$ cat entry-v8.csv   # CSV, C-alpha atoms
chain,number,residue,atom,x,y,z
A,1,MET,CA,62.7,59.3,12.0
A,2,THR,CA,62.3,62.2,9.6
A,3,ILE,CA,60.6,65.6,10.4
A,4,THR,CA,57.6,64.5,8.4
A,5,GLU,CA,57.2,61.3,10.3
A,6,ASN,CA,57.5,63.2,13.6
A,7,SER,CA,54.8,65.5,12.4
A,8,VAL,CA,52.5,62.7,11.5
A,9,ALA,CA,53.1,60.9,14.8
A,10,SER,CA,52.5,64.1,16.7
A,11,ALA,CA,49.3,64.7,14.8
A,12,THR,CA,48.2,61.1,15.5
A,13,ASP,CA,49.0,61.5,19.2
A,14,LEU,CA,47.0,64.8,19.4
A,15,GLN,CA,44.1,63.1,17.6
A,16,ASP,CA,44.1,60.2,20.1
A,17,GLU,CA,44.4,62.7,23.0
A,18,ARG,CA,41.4,64.6,21.6
A,19,LEU,CA,39.3,61.5,21.1
A,20,VAL,CA,39.7,60.3,24.7
A,21,THR,CA,38.2,63.6,26.0
A,22,PRO,CA,34.5,64.0,26.7
A,23,GLN,CA,34.4,66.1,23.5
A,24,GLY,CA,35.1,62.9,21.6
A,25,ILE,CA,31.8,61.4,22.8
A,26,ILE,CA,29.9,64.5,21.7
A,27,ASP,CA,31.6,64.3,18.3
A,28,SER,CA,30.7,60.6,17.9
A,29,ILE,CA,27.0,61.4,18.7
A,30,ARG,CA,27.0,64.3,16.3
A,31,ALA,CA,28.5,62.0,13.6
A,32,THR,CA,25.8,59.4,14.3
A,33,ILE,CA,23.1,62.1,13.9
A,34,ARG,CA,24.6,63.2,10.6
A,35,ARG,CA,24.5,59.6,9.3
A,36,VAL,CA,20.9,59.2,10.3
A,37,ARG,CA,20.0,62.5,8.5
A,38,GLY,CA,21.9,61.3,5.5
A,39,GLY,CA,19.7,58.2,5.2
A,40,ASP,CA,21.9,55.7,7.1
A,41,LEU,CA,19.3,54.7,9.6
A,42,GLY,CA,21.0,51.5,10.7
A,43,MET,CA,19.1,49.6,13.4
A,44,LEU,CA,17.3,52.6,14.8
A,45,PRO,CA,13.8,52.0,13.2
A,46,VAL,CA,13.6,48.3,14.2
A,47,VAL,CA,14.9,49.0,17.8
A,48,GLY,CA,12.3,51.8,18.1
A,49,GLY,CA,9.6,49.4,16.7
A,50,ILE,CA,10.5,46.8,19.3
A,51,VAL,CA,10.2,49.3,22.1
A,52,VAL,CA,6.8,50.5,20.9
A,53,ILE,CA,5.5,46.9,20.4
A,54,TRP,CA,6.7,45.8,23.8
A,55,THR,CA,5.3,48.8,25.5
A,56,ILE,CA,1.8,48.4,23.9
A,57,PHE,CA,1.6,44.7,24.7
A,58,GLN,CA,2.8,45.2,28.3
A,59,ILE,CA,0.2,47.8,28.9
A,60,LEU,CA,-2.5,45.5,27.4
A,61,ASN,CA,-1.3,42.4,29.3
A,62,PRO,CA,1.2,42.7,32.2
A,63,THR,CA,2.4,39.1,31.7
A,64,PHE,CA,3.9,39.9,28.3
A,65,LEU,CA,7.3,41.0,29.7
A,66,SER,CA,7.3,38.3,32.3
A,67,SER,CA,10.3,36.1,32.6
A,68,THR,CA,8.3,33.0,31.6
A,69,ASN,CA,7.0,34.6,28.4
A,70,LEU,CA,10.3,36.0,27.4
A,71,VAL,CA,11.9,32.5,27.8
A,72,ASN,CA,9.2,31.1,25.6
A,73,LEU,CA,9.7,33.9,23.1
A,74,SER,CA,13.5,33.1,22.9
A,75,PHE,CA,12.6,29.5,22.1
A,76,ASP,CA,9.9,30.3,19.5
A,77,MET,CA,11.9,32.9,17.5
A,78,VAL,CA,14.9,30.6,16.7
A,79,PRO,CA,13.6,28.3,13.9
A,80,VAL,CA,12.2,31.3,11.8
A,81,GLY,CA,15.2,33.4,12.8
A,82,VAL,CA,17.6,30.9,11.3
A,83,LEU,CA,15.5,30.9,8.1
A,84,ALA,CA,15.6,34.8,8.1
A,85,LEU,CA,19.4,34.7,8.5
A,86,GLY,CA,19.5,32.7,5.2
A,87,ILE,CA,17.1,35.2,3.6
A,88,VAL,CA,19.5,38.0,4.5
A,89,CYS,CA,22.2,36.3,2.5
A,90,VAL,CA,20.2,36.2,-0.8
A,91,LEU,CA,18.7,39.7,-0.2
A,92,LEU,CA,22.2,41.2,0.1
A,93,VAL,CA,23.0,40.0,-3.4
A,94,GLY,CA,19.8,41.4,-4.8
A,95,GLN,CA,18.0,38.1,-5.1
A,96,ILE,CA,15.1,36.4,-3.3
A,97,ASP,CA,14.3,32.9,-2.1
A,98,LEU,CA,10.6,32.0,-1.7
A,99,SER,CA,11.2,28.3,-0.9
A,100,VAL,CA,12.9,28.5,2.5
A,101,GLY,CA,9.7,27.2,4.2
A,102,SER,CA,9.5,24.2,1.9
A,103,VAL,CA,13.2,23.5,2.2
A,104,SER,CA,12.9,23.6,6.0
A,105,GLY,CA,9.9,21.2,5.8
A,106,VAL,CA,11.6,18.7,3.6
A,107,SER,CA,14.7,18.9,5.8
A,108,ALA,CA,12.7,18.1,8.8
A,109,ALA,CA,11.1,15.2,7.0
A,110,ILE,CA,14.6,13.9,6.0
A,111,THR,CA,15.8,14.1,9.6
A,112,ALA,CA,12.8,12.2,10.9
A,113,VAL,CA,12.8,9.5,8.2
A,114,VAL,CA,16.6,8.8,8.5
A,115,MET,CA,16.6,9.0,12.3
A,116,VAL,CA,13.3,7.3,13.2
A,117,LYS,CA,12.1,5.1,10.3
A,118,ASN,CA,15.6,4.0,9.2
A,119,GLU,CA,16.9,4.0,12.8
A,120,GLN,CA,20.2,5.8,11.9
A,121,PRO,CA,22.3,7.9,14.2
A,122,MET,CA,21.1,11.5,14.9
A,123,TRP,CA,24.3,13.0,13.5
A,124,LEU,CA,23.8,11.2,10.2
A,125,ALA,CA,20.2,12.4,9.9
A,126,VAL,CA,21.2,16.0,10.6
A,127,LEU,CA,24.0,15.7,8.1
A,128,ALA,CA,21.7,14.3,5.4
A,129,ALA,CA,19.2,17.1,5.9
A,130,VAL,CA,21.8,19.9,5.8
A,131,ALA,CA,23.5,18.3,2.8
A,132,GLY,CA,20.2,18.2,1.1
A,133,GLY,CA,19.7,21.9,1.8
A,134,CYS,CA,23.1,22.7,0.3
A,135,LEU,CA,22.3,20.7,-2.8
A,136,ILE,CA,19.1,22.6,-3.3
A,137,GLY,CA,20.8,25.9,-3.0
A,138,TRP,CA,23.5,24.8,-5.5
A,139,LEU,CA,20.7,23.8,-7.9
A,140,TYR,CA,19.1,27.3,-7.6
A,141,GLY,CA,22.4,28.9,-8.3
A,142,GLN,CA,23.0,26.8,-11.4
A,143,VAL,CA,19.6,27.5,-12.9
A,144,LEU,CA,20.0,31.2,-12.2
A,145,ASN,CA,23.5,31.5,-13.6
A,146,ARG,CA,23.4,29.1,-16.5
A,147,VAL,CA,19.7,29.3,-17.7
A,148,GLY,CA,19.0,32.9,-16.6
A,149,VAL,CA,15.7,32.1,-14.9
A,150,PRO,CA,15.0,34.8,-12.3
A,151,SER,CA,15.4,33.7,-8.7
A,152,PHE,CA,11.8,34.6,-8.0
A,153,VAL,CA,10.6,32.0,-10.5
A,154,VAL,CA,13.3,29.4,-9.6
A,155,THR,CA,12.5,29.5,-5.9
A,156,LEU,CA,8.7,29.7,-6.5
A,157,GLY,CA,9.1,26.4,-8.4
A,158,GLY,CA,11.2,25.1,-5.6
A,159,LEU,CA,8.5,26.0,-3.1
A,160,LEU,CA,6.0,23.8,-4.9
A,161,ALA,CA,8.4,21.0,-5.8
A,162,PHE,CA,9.9,20.5,-2.4
A,163,LEU,CA,6.5,20.7,-0.7
A,164,GLY,CA,5.7,17.7,-2.9
A,165,VAL,CA,8.9,16.0,-1.8
A,166,GLN,CA,8.0,16.6,1.8
A,167,LEU,CA,4.5,15.1,1.4
A,168,TRP,CA,6.0,12.1,-0.5
A,169,LEU,CA,8.5,11.4,2.3
A,170,LEU,CA,5.7,11.4,4.8
A,171,ARG,CA,3.2,9.7,2.6
A,172,ASP,CA,2.8,6.6,4.9
A,173,GLN,CA,1.9,8.8,7.9
A,174,ASN,CA,1.0,12.4,8.6
A,175,ALA,CA,3.7,12.8,11.2
A,176,ILE,CA,6.8,11.1,12.5
A,177,ASN,CA,7.5,11.7,16.2
A,178,LEU,CA,11.0,12.3,17.3
A,179,PRO,CA,12.1,10.5,20.5
A,180,TYR,CA,11.7,12.7,23.5
A,181,ASP,CA,15.0,11.5,25.0
A,182,SER,CA,16.9,12.4,21.8
A,183,THR,CA,19.5,15.1,21.9
A,184,LEU,CA,17.6,17.2,19.3
A,185,VAL,CA,14.4,17.4,21.4
A,186,LYS,CA,16.3,18.0,24.6
A,187,PHE,CA,18.3,20.8,22.9
A,188,ALA,CA,15.1,22.5,21.6
A,189,GLN,CA,13.0,22.1,24.7
A,190,LEU,CA,14.9,21.3,27.9
A,191,TRP,CA,18.5,22.4,27.8
A,192,PHE,CA,19.4,25.7,29.5
A,193,VAL,CA,22.7,27.5,30.1
A,194,PRO,CA,23.9,27.3,33.7
A,195,ALA,CA,23.6,30.6,35.4
A,196,TRP,CA,27.4,31.1,36.0
A,197,LEU,CA,28.1,30.3,32.3
A,198,ALA,CA,25.3,32.6,31.1
A,199,TYR,CA,26.8,35.6,33.0
A,200,SER,CA,30.3,34.6,31.7
A,201,LEU,CA,29.0,34.6,28.1
A,202,ALA,CA,27.5,38.1,28.7
A,203,VAL,CA,30.8,39.4,29.9
A,204,ALA,CA,32.7,37.7,27.0
A,205,ALA,CA,30.2,39.2,24.5
A,206,ALA,CA,30.7,42.8,25.8
A,207,ALA,CA,34.5,42.3,26.0
A,208,GLY,CA,34.5,41.0,22.4
A,209,PHE,CA,32.5,44.0,21.3
A,210,LEU,CA,35.0,46.3,22.9
A,211,ALA,CA,38.0,44.5,21.6
A,212,THR,CA,36.8,44.3,18.0
A,213,GLY,CA,35.6,47.9,18.1
A,214,TRP,CA,38.9,49.1,19.5
A,215,VAL,CA,40.9,47.4,16.8
A,216,ARG,CA,38.7,48.7,14.1
A,217,ALA,CA,38.8,52.2,15.4
A,218,ARG,CA,42.6,52.2,15.7
A,219,THR,CA,42.9,50.7,12.2
A,220,ARG,CA,40.8,53.5,10.8
A,221,ARG,CA,42.7,56.2,12.6
A,222,ASN,CA,46.0,54.9,11.4
A,223,ALA,CA,44.6,55.0,7.9
A,224,GLY,CA,43.6,58.6,8.3
A,225,LEU,CA,39.8,57.8,8.4
A,226,SER,CA,37.2,59.0,10.9
A,227,SER,CA,36.4,56.6,13.8
A,228,SER,CA,34.5,56.4,17.0
A,229,SER,CA,36.2,57.8,20.1
A,230,PRO,CA,37.6,55.3,22.6
A,231,GLN,CA,35.3,56.8,25.3
A,232,TRP,CA,32.3,56.3,23.2
A,233,LEU,CA,33.3,52.8,22.4
A,234,VAL,CA,33.8,52.0,26.1
A,235,MET,CA,30.5,53.6,27.0
A,236,GLN,CA,28.7,51.4,24.3
A,237,SER,CA,30.4,48.3,25.7
A,238,LEU,CA,29.4,49.1,29.3
A,239,LEU,CA,25.8,49.7,28.2
A,240,LEU,CA,25.9,46.4,26.3
A,241,LEU,CA,27.3,44.6,29.3
A,242,ALA,CA,24.7,46.1,31.6
A,243,GLY,CA,21.9,45.1,29.2
A,244,LEU,CA,23.1,41.6,28.7
A,245,LEU,CA,23.6,41.0,32.5
A,246,LEU,CA,20.1,42.4,33.1
A,247,VAL,CA,18.6,40.0,30.5
A,248,VAL,CA,20.5,37.0,31.9
A,249,PHE,CA,19.4,37.9,35.5
A,250,TYR,CA,15.7,38.4,34.4
A,251,LEU,CA,15.6,35.1,32.4
A,252,ASN,CA,17.2,33.2,35.2
A,253,ARG,CA,14.2,34.1,37.4
A,254,THR,CA,12.5,31.2,35.8
A,255,ARG,CA,14.2,28.6,33.5
A,256,GLY,CA,17.1,30.7,32.2
A,257,VAL,CA,18.8,31.2,28.9
A,258,ALA,CA,18.0,28.4,26.4
A,259,TRP,CA,20.9,26.8,24.6
A,260,MET,CA,19.0,26.9,21.4
A,261,PHE,CA,18.8,30.7,21.6
A,262,VAL,CA,22.5,30.8,22.3
A,263,PHE,CA,23.1,28.7,19.2
A,264,PHE,CA,21.0,31.2,17.1
A,265,VAL,CA,23.0,34.2,18.5
A,266,ALA,CA,26.2,32.4,17.7
A,267,LEU,CA,25.1,31.8,14.1
A,268,VAL,CA,24.2,35.4,13.8
A,269,LEU,CA,27.6,36.5,15.1
A,270,VAL,CA,29.5,34.1,12.8
A,271,MET,CA,27.5,35.3,9.8
A,272,ASN,CA,28.1,38.9,10.8
A,273,TYR,CA,31.8,38.3,11.0
A,274,VAL,CA,31.8,36.6,7.6
A,275,LEU,CA,29.8,39.4,6.0
A,276,SER,CA,31.7,42.3,7.6
A,277,ARG,CA,35.3,41.0,8.0
A,278,THR,CA,36.0,38.7,5.1
A,279,LYS,CA,36.8,39.2,1.4
A,280,PHE,CA,33.8,36.9,0.6
A,281,GLY,CA,31.5,39.1,2.7
A,282,ARG,CA,32.7,42.3,0.9
A,283,SER,CA,32.0,40.5,-2.4
A,284,ILE,CA,28.4,39.8,-1.4
A,285,TYR,CA,27.8,43.5,-0.6
A,286,ALA,CA,29.6,44.5,-3.9
A,287,VAL,CA,27.5,42.2,-6.0
A,288,GLY,CA,24.3,43.4,-4.3
A,289,GLY,CA,25.2,47.0,-4.9
A,290,ASN,CA,26.1,46.6,-8.5
A,291,ALA,CA,26.6,43.2,-10.1
A,292,GLU,CA,28.1,44.5,-13.4
A,293,ALA,CA,30.6,46.8,-11.7
A,294,SER,CA,31.6,43.8,-9.5
A,295,ARG,CA,32.1,41.6,-12.5
A,296,ARG,CA,34.3,44.3,-14.1
A,297,ALA,CA,36.3,44.5,-10.8
A,298,GLY,CA,37.2,40.8,-11.1
A,299,ILE,CA,34.6,39.3,-8.7
A,300,ASN,CA,33.1,36.0,-9.8
A,301,VAL,CA,29.5,37.1,-9.6
A,302,ARG,CA,28.1,33.7,-10.5
A,303,ARG,CA,30.0,32.1,-7.7
A,304,VAL,CA,28.8,34.7,-5.2
A,305,TYR,CA,25.1,34.0,-6.3
A,306,THR,CA,25.6,30.3,-5.9
A,307,ALA,CA,27.2,30.7,-2.5
A,308,ALA,CA,24.4,32.9,-1.3
A,309,PHE,CA,21.8,30.4,-2.3
A,310,VAL,CA,23.7,27.5,-0.7
A,311,MET,CA,24.0,29.4,2.6
A,312,CYS,CA,20.3,30.3,2.5
A,313,SER,CA,19.1,26.7,1.8
A,314,ALA,CA,21.6,25.2,4.3
A,315,LEU,CA,20.3,27.6,7.0
A,316,ALA,CA,16.7,26.8,6.0
A,317,ALA,CA,17.5,23.1,6.6
A,318,VAL,CA,18.9,23.9,10.0
A,319,GLY,CA,15.8,25.9,10.8
A,320,GLY,CA,13.6,23.0,9.7
A,321,ILE,CA,15.5,20.6,12.0
A,322,LEU,CA,15.1,23.0,14.9
A,323,ALA,CA,11.4,23.5,14.2
A,324,ALA,CA,10.8,19.7,14.2
A,325,SER,CA,12.9,19.3,17.4
A,326,ARG,CA,10.9,22.1,19.0
A,327,LEU,CA,7.6,20.2,18.3
A,328,ALA,CA,9.3,16.7,18.7
A,329,ALA,CA,7.8,15.8,15.4
A,330,ALA,CA,8.1,16.3,11.6
A,331,ASN,CA,4.7,16.5,9.9
A,332,GLN,CA,3.2,17.5,6.6
A,333,SER,CA,2.6,21.1,7.8
A,334,THR,CA,6.2,21.7,8.9
A,335,GLY,CA,7.5,24.8,7.0
A,336,THR,CA,4.1,25.6,5.4
A,337,GLY,CA,1.6,28.3,6.2
A,338,ASP,CA,3.2,31.7,6.9
A,339,VAL,CA,6.8,30.4,7.6
A,340,ASN,CA,8.0,31.7,4.2
A,341,LEU,CA,6.5,35.1,4.6
A,342,ASN,CA,7.6,35.5,8.2
A,343,ALA,CA,11.2,34.7,7.3
A,344,ILE,CA,11.3,37.2,4.5
A,345,ALA,CA,9.4,39.8,6.6
A,346,ALA,CA,11.8,39.3,9.5
A,347,ALA,CA,14.8,40.0,7.3
A,348,VAL,CA,13.3,43.1,5.7
A,349,ILE,CA,11.9,44.5,9.0
A,350,GLY,CA,15.3,44.0,10.6
A,351,GLY,CA,16.8,46.4,8.1
A,352,THR,CA,18.0,44.3,5.1
A,353,SER,CA,17.2,46.2,1.9
A,354,LEU,CA,15.1,44.6,-0.9
A,355,PHE,CA,17.3,46.5,-3.3
A,356,GLY,CA,20.4,44.5,-2.3
A,357,GLY,CA,23.8,45.6,-1.0
A,358,ARG,CA,22.6,46.8,2.5
A,359,GLY,CA,21.8,45.0,5.6
A,360,SER,CA,23.5,42.8,8.2
A,361,ALA,CA,23.1,39.4,10.0
A,362,ILE,CA,21.8,41.3,13.0
A,363,ALA,CA,18.8,42.1,10.9
A,364,ALA,CA,17.6,38.5,11.2
A,365,LEU,CA,17.8,38.6,15.0
A,366,LEU,CA,16.0,41.9,15.4
A,367,GLY,CA,13.4,41.2,12.7
A,368,VAL,CA,12.3,37.9,14.0
A,369,LEU,CA,12.1,39.4,17.5
A,370,VAL,CA,9.5,41.8,16.1
A,371,ILE,CA,7.6,39.1,14.3
A,372,GLN,CA,7.5,36.7,17.3
A,373,SER,CA,6.7,39.6,19.7
A,374,ILE,CA,3.6,40.4,17.7
A,375,SER,CA,2.6,36.7,17.6
A,376,SER,CA,3.2,36.3,21.4
A,377,GLY,CA,1.4,39.5,22.4
A,378,LEU,CA,-1.7,38.7,20.3
A,379,THR,CA,-1.7,35.1,21.7
A,380,LEU,CA,-1.7,36.4,25.3
A,381,LEU,CA,-4.5,38.8,24.3
A,382,ASN,CA,-6.5,35.8,23.0
A,383,LEU,CA,-6.9,37.3,19.6
A,384,ASP,CA,-7.1,35.2,16.4
A,385,SER,CA,-4.4,35.1,13.7
A,386,SER,CA,-6.1,37.5,11.5
A,387,TYR,CA,-4.8,40.4,13.6
A,388,ARG,CA,-1.3,39.0,13.5
A,389,PHE,CA,-1.3,39.0,9.7
A,390,ILE,CA,-2.7,42.5,9.5
A,391,ILE,CA,-0.2,44.0,12.0
A,392,THR,CA,2.7,42.1,10.5
A,393,GLY,CA,1.8,43.3,7.1
A,394,VAL,CA,1.6,46.9,8.3
A,395,VAL,CA,4.9,46.7,10.0
A,396,LEU,CA,6.5,45.2,6.8
A,397,LEU,CA,5.1,48.0,4.7
A,398,ILE,CA,6.5,50.6,7.1
A,399,ALA,CA,9.9,48.9,7.0
A,400,VAL,CA,10.0,48.8,3.2
A,401,GLY,CA,8.8,52.4,3.1
A,402,LEU,CA,11.5,53.5,5.5
A,403,ASP,CA,14.1,51.7,3.4
A,404,SER,CA,12.9,53.4,0.2
A,405,VAL,CA,12.9,56.8,1.8
A,406,ALA,CA,16.4,56.2,3.3
A,407,ARG,CA,17.7,55.0,0.0
A,408,ARG,CA,16.6,58.2,-1.7
A,409,SER,CA,18.1,60.3,1.1
A,410,ARG,CA,21.4,58.5,0.7
A,411,GLN,CA,21.4,59.2,-3.0
A,412,ALA,CA,20.6,62.9,-2.4
A,413,HIS,CA,23.5,63.1,0.0
A,414,GLY,CA,25.8,61.3,-2.4
A,415,ARG,CA,26.1,58.1,-0.3
A,416,GLY,CA,24.6,55.7,-2.9
$ encode --input "entry-v8.csv" --output "structure tokens"
Amino acid sequence: MTITENSVASATDLQDERLVTPQGIIDSIRATIRRVRGGDLGMLPVVGGIVVIWTIFQILNPTFLSSTNLVNLSFDMVPVGVLALGIVCVLLVGQIDLSVGSVSGVSAAITAVVMVKNEQPMWLAVLAAVAGGCLIGWLYGQVLNRVGVPSFVVTLGGLLAFLGVQLWLLRDQNAINLPYDSTLVKFAQLWFVPAWLAYSLAVAAAAGFLATGWVRARTRRNAGLSSSSPQWLVMQSLLLLAGLLLVVFYLNRTRGVAWMFVFFVALVLVMNYVLSRTKFGRSIYAVGGNAEASRRAGINVRRVYTAAFVMCSALAAVGGILAASRLAAANQSTGTGDVNLNAIAAAVIGGTSLFGGRGSAIAALLGVLVIQSISSGLTLLNLDSSYRFIITGVVLLIAVGLDSVARRSRQAHGRG
């Protein structure tokens, strides 16, 4: 080993030694504060919003944070949350999909028609619905790329067209009931994670967070980049573990953790990995940040657009299937009403930028938690839906306003 290599190794060792001291935690906190001041707000606004909303509703109705209501909340947030996860994909590339509600409705109708009217196996019905969603997303991508029609117009047409397809599929009857003993209905209404397994999943989640964070921090340090201190990472992991164990303990006071909610969280984690740890995910952020620069860098922008719409429509199909399973029926109103707006609002409120290139899969989880918390709180207060629309609209406006202010702050600090 040369003198230079010895010097680099010694510097690295000194850096690692410095990072494992209490000063490393202080430095990490200061770095976080600097990022916030520079416009990188991350999940801070939406987490603060959840705390405020839950505090207000708990004061107005002490049953809001009861274990029973939180279990119901974990069920109700999943269908719209899956749709919001798809919306995150298209928003990241700077596009929009206004038809996720209609796609979810027609997917629910396909599932019911294939499974009940045609008496086919459940897996075939689900496969047909998801395949239909993928085909719809592919068609959106082709019209956008080859014809040049803006995604706003393409998906607005899809909203109307696929609503018509849904009504046509259910033309003989207003609703098709799913068998109560079917796996879909049991999954969406009755299946809960055993207590021991729920605690094990909580420990595994915290351990996974620590392991991935540790690997990422070491990789950044080896590359000469700044990274979080090991002590700060361990502290975050312990806080996450304590929070997850508390949630599991509290929900187990009644029915427990629903398998459908675990499925949603798993989808979020998989999508988060794809977006943050793969070449395809980096391409999505690059195209959303600057499509022309991405094209010049060799990224197939058209393929990225098509993939984003396929993922969005496929997730919309999954959300529609879960919504029908939750109600044990697919009817002509499935996916209609405020489903579209709630899915888009959840993605934006969660922190995904309307300008493209910024956001994460976690935004869908946090955003839909805000949306459904407002709905649940107002229902417990016995207030009509007009208040829910008003409050949701105000929260959405605040979220977009914060995003605009943060974007200007990042530009002022040279962070894009």
$ closest_residue --input "entry-v8.csv" --among "A:Val165, A:Ile136, A:Met271, A:Ile362" --to "Ala346 of chain A" --atoms "all atoms listed in the file"
A:Ile362
$ residues_around --input "entry-v8.csv" --residues "Val310 of chain A" --least-positions-apart "2" --cutoff "8 Å" --atoms "all atoms listed in the file" --output "mmCIF file with C-alpha atoms, in the frame of the given file"
data_model
loop_
_atom_site.group_PDB
_atom_site.id
_atom_site.type_symbol
_atom_site.label_atom_id
_atom_site.label_comp_id
_atom_site.auth_asym_id
_atom_site.auth_seq_id
_atom_site.Cartn_x
_atom_site.Cartn_y
_atom_site.Cartn_z
ATOM 1 C CA GLY A 133 19.700 21.900 1.800
ATOM 2 C CA CYS A 134 23.100 22.700 0.300
ATOM 3 C CA LEU A 135 22.300 20.700 -2.800
ATOM 4 C CA ILE A 136 19.100 22.600 -3.300
ATOM 5 C CA GLY A 137 20.800 25.900 -3.000
ATOM 6 C CA TRP A 138 23.500 24.800 -5.500
ATOM 7 C CA GLY A 141 22.400 28.900 -8.300
ATOM 8 C CA THR A 306 25.600 30.300 -5.900
ATOM 9 C CA ALA A 307 27.200 30.700 -2.500
ATOM 10 C CA ALA A 308 24.400 32.900 -1.300
ATOM 11 C CA CYS A 312 20.300 30.300 2.500
ATOM 12 C CA SER A 313 19.100 26.700 1.800
ATOM 13 C CA ALA A 314 21.600 25.200 4.300
#
$ atom_distance --input "entry-v8.csv" --atom1 "atom CA of Ala198 of chain A" --atom2 "atom CA of Trp54 of chain A"
23.9 Å
$ residues_around --input "entry-v8.csv" --residues "segment 291-303 of chain A" --least-positions-apart "4" --cutoff "9 Å" --atoms "only C-alpha atoms" --output "count of residues only"
13
$ closest_residue --input "entry-v8.csv" --among "A:Val130, A:Cys89, A:Val46, A:Val153" --to "Phe280 of chain A" --atoms "only C-alpha atoms"
A:Cys89
$ residues_around --input "entry-v8.csv" --residues "segment 58-70 of chain A" --least-positions-apart "3" --cutoff "12 Å" --atoms "all atoms listed in the file" --output "NGL selection string"
:A and (50-55 or 73-77 or 246-258 or 261 or 369 or 372-382)
$ residues_around --input "entry-v8.csv" --residues "Ala323 of chain A" --least-positions-apart "2" --cutoff "9 Å" --atoms "all atoms listed in the file" --output "PDB file with C-alpha atoms, in the frame of the given file"
ATOM      1  CA  ASP A  76       9.900  30.300  19.500  1.00  0.00           C
ATOM      2  CA  VAL A  78      14.900  30.600  16.700  1.00  0.00           C
ATOM      3  CA  PRO A  79      13.600  28.300  13.900  1.00  0.00           C
ATOM      4  CA  VAL A  80      12.200  31.300  11.800  1.00  0.00           C
ATOM      5  CA  SER A 104      12.900  23.600   6.000  1.00  0.00           C
ATOM      6  CA  GLY A 105       9.900  21.200   5.800  1.00  0.00           C
ATOM      7  CA  ALA A 108      12.700  18.100   8.800  1.00  0.00           C
ATOM      8  CA  ALA A 188      15.100  22.500  21.600  1.00  0.00           C
ATOM      9  CA  VAL A 318      18.900  23.900  10.000  1.00  0.00           C
ATOM     10  CA  GLY A 319      15.800  25.900  10.800  1.00  0.00           C
ATOM     11  CA  GLY A 320      13.600  23.000   9.700  1.00  0.00           C
ATOM     12  CA  ILE A 321      15.500  20.600  12.000  1.00  0.00           C
ATOM     13  CA  SER A 325      12.900  19.300  17.400  1.00  0.00           C
ATOM     14  CA  ARG A 326      10.900  22.100  19.000  1.00  0.00           C
ATOM     15  CA  LEU A 327       7.600  20.200  18.300  1.00  0.00           C
ATOM     16  CA  ALA A 328       9.300  16.700  18.700  1.00  0.00           C
ATOM     17  CA  ALA A 329       7.800  15.800  15.400  1.00  0.00           C
ATOM     18  CA  ALA A 330       8.100  16.300  11.600  1.00  0.00           C
ATOM     19  CA  THR A 334       6.200  21.700   8.900  1.00  0.00           C
ATOM     20  CA  GLY A 335       7.500  24.800   7.000  1.00  0.00           C
TER      21      GLY A 335
END
$ atom_distance --input "entry-v8.csv" --atom1 "atom CA of Leu275 of chain A" --atom2 "atom CA of Leu92 of chain A"
9.8 Å
$ closest_residue --input "entry-v8.csv" --among "A:Leu396, A:Ala211, A:Ala161, A:Leu169" --to "Ile110 of chain A" --atoms "all atoms listed in the file"
A:Leu169
$ atom_distance --input "entry-v8.csv" --atom1 "atom CA of Ala364 of chain A" --atom2 "atom CA of Arg218 of chain A"
28.9 Å
$ closest_residue --input "entry-v8.csv" --among "A:Gly164, A:Gly48, A:Gly243, A:Gly337" --to "Gly101 of chain A" --atoms "only C-alpha atoms"
A:Gly337
$ closest_residue --input "entry-v8.csv" --among "A:Gly208, A:Gly281, A:Gly132, A:Gly367" --to "Ala317 of chain A" --atoms "all atoms listed in the file"
A:Gly132
$ closest_residue --input "entry-v8.csv" --among "A:Val82, A:Leu160, A:Ala324, A:Val304" --to "Ala175 of chain A" --atoms "all atoms listed in the file"
A:Ala324
$ residues_near_point --input "entry-v8.csv" --point "(30.1, 41.8, 12.3)" --cutoff "12 Å" --atoms "all atoms listed in the file" --output "list in words"
Gly208, Phe209, Thr212, Gly213, Arg216, Ala266, Leu267, Val268, Leu269, Val270, Met271, Asn272, Tyr273, Val274, Leu275, Ser276, Arg277, Thr278, Gly281, Arg282, Gly359, Ser360, Ala361, Ile362 and Ala363 of chain A
$ residues_near_point --input "entry-v8.csv" --point "(33.5, 48.9, 21.8)" --cutoff "6 Å" --atoms "only C-alpha atoms" --output "number ranges by chain"
A: 209-210, 213-214, 233-234, 236-237
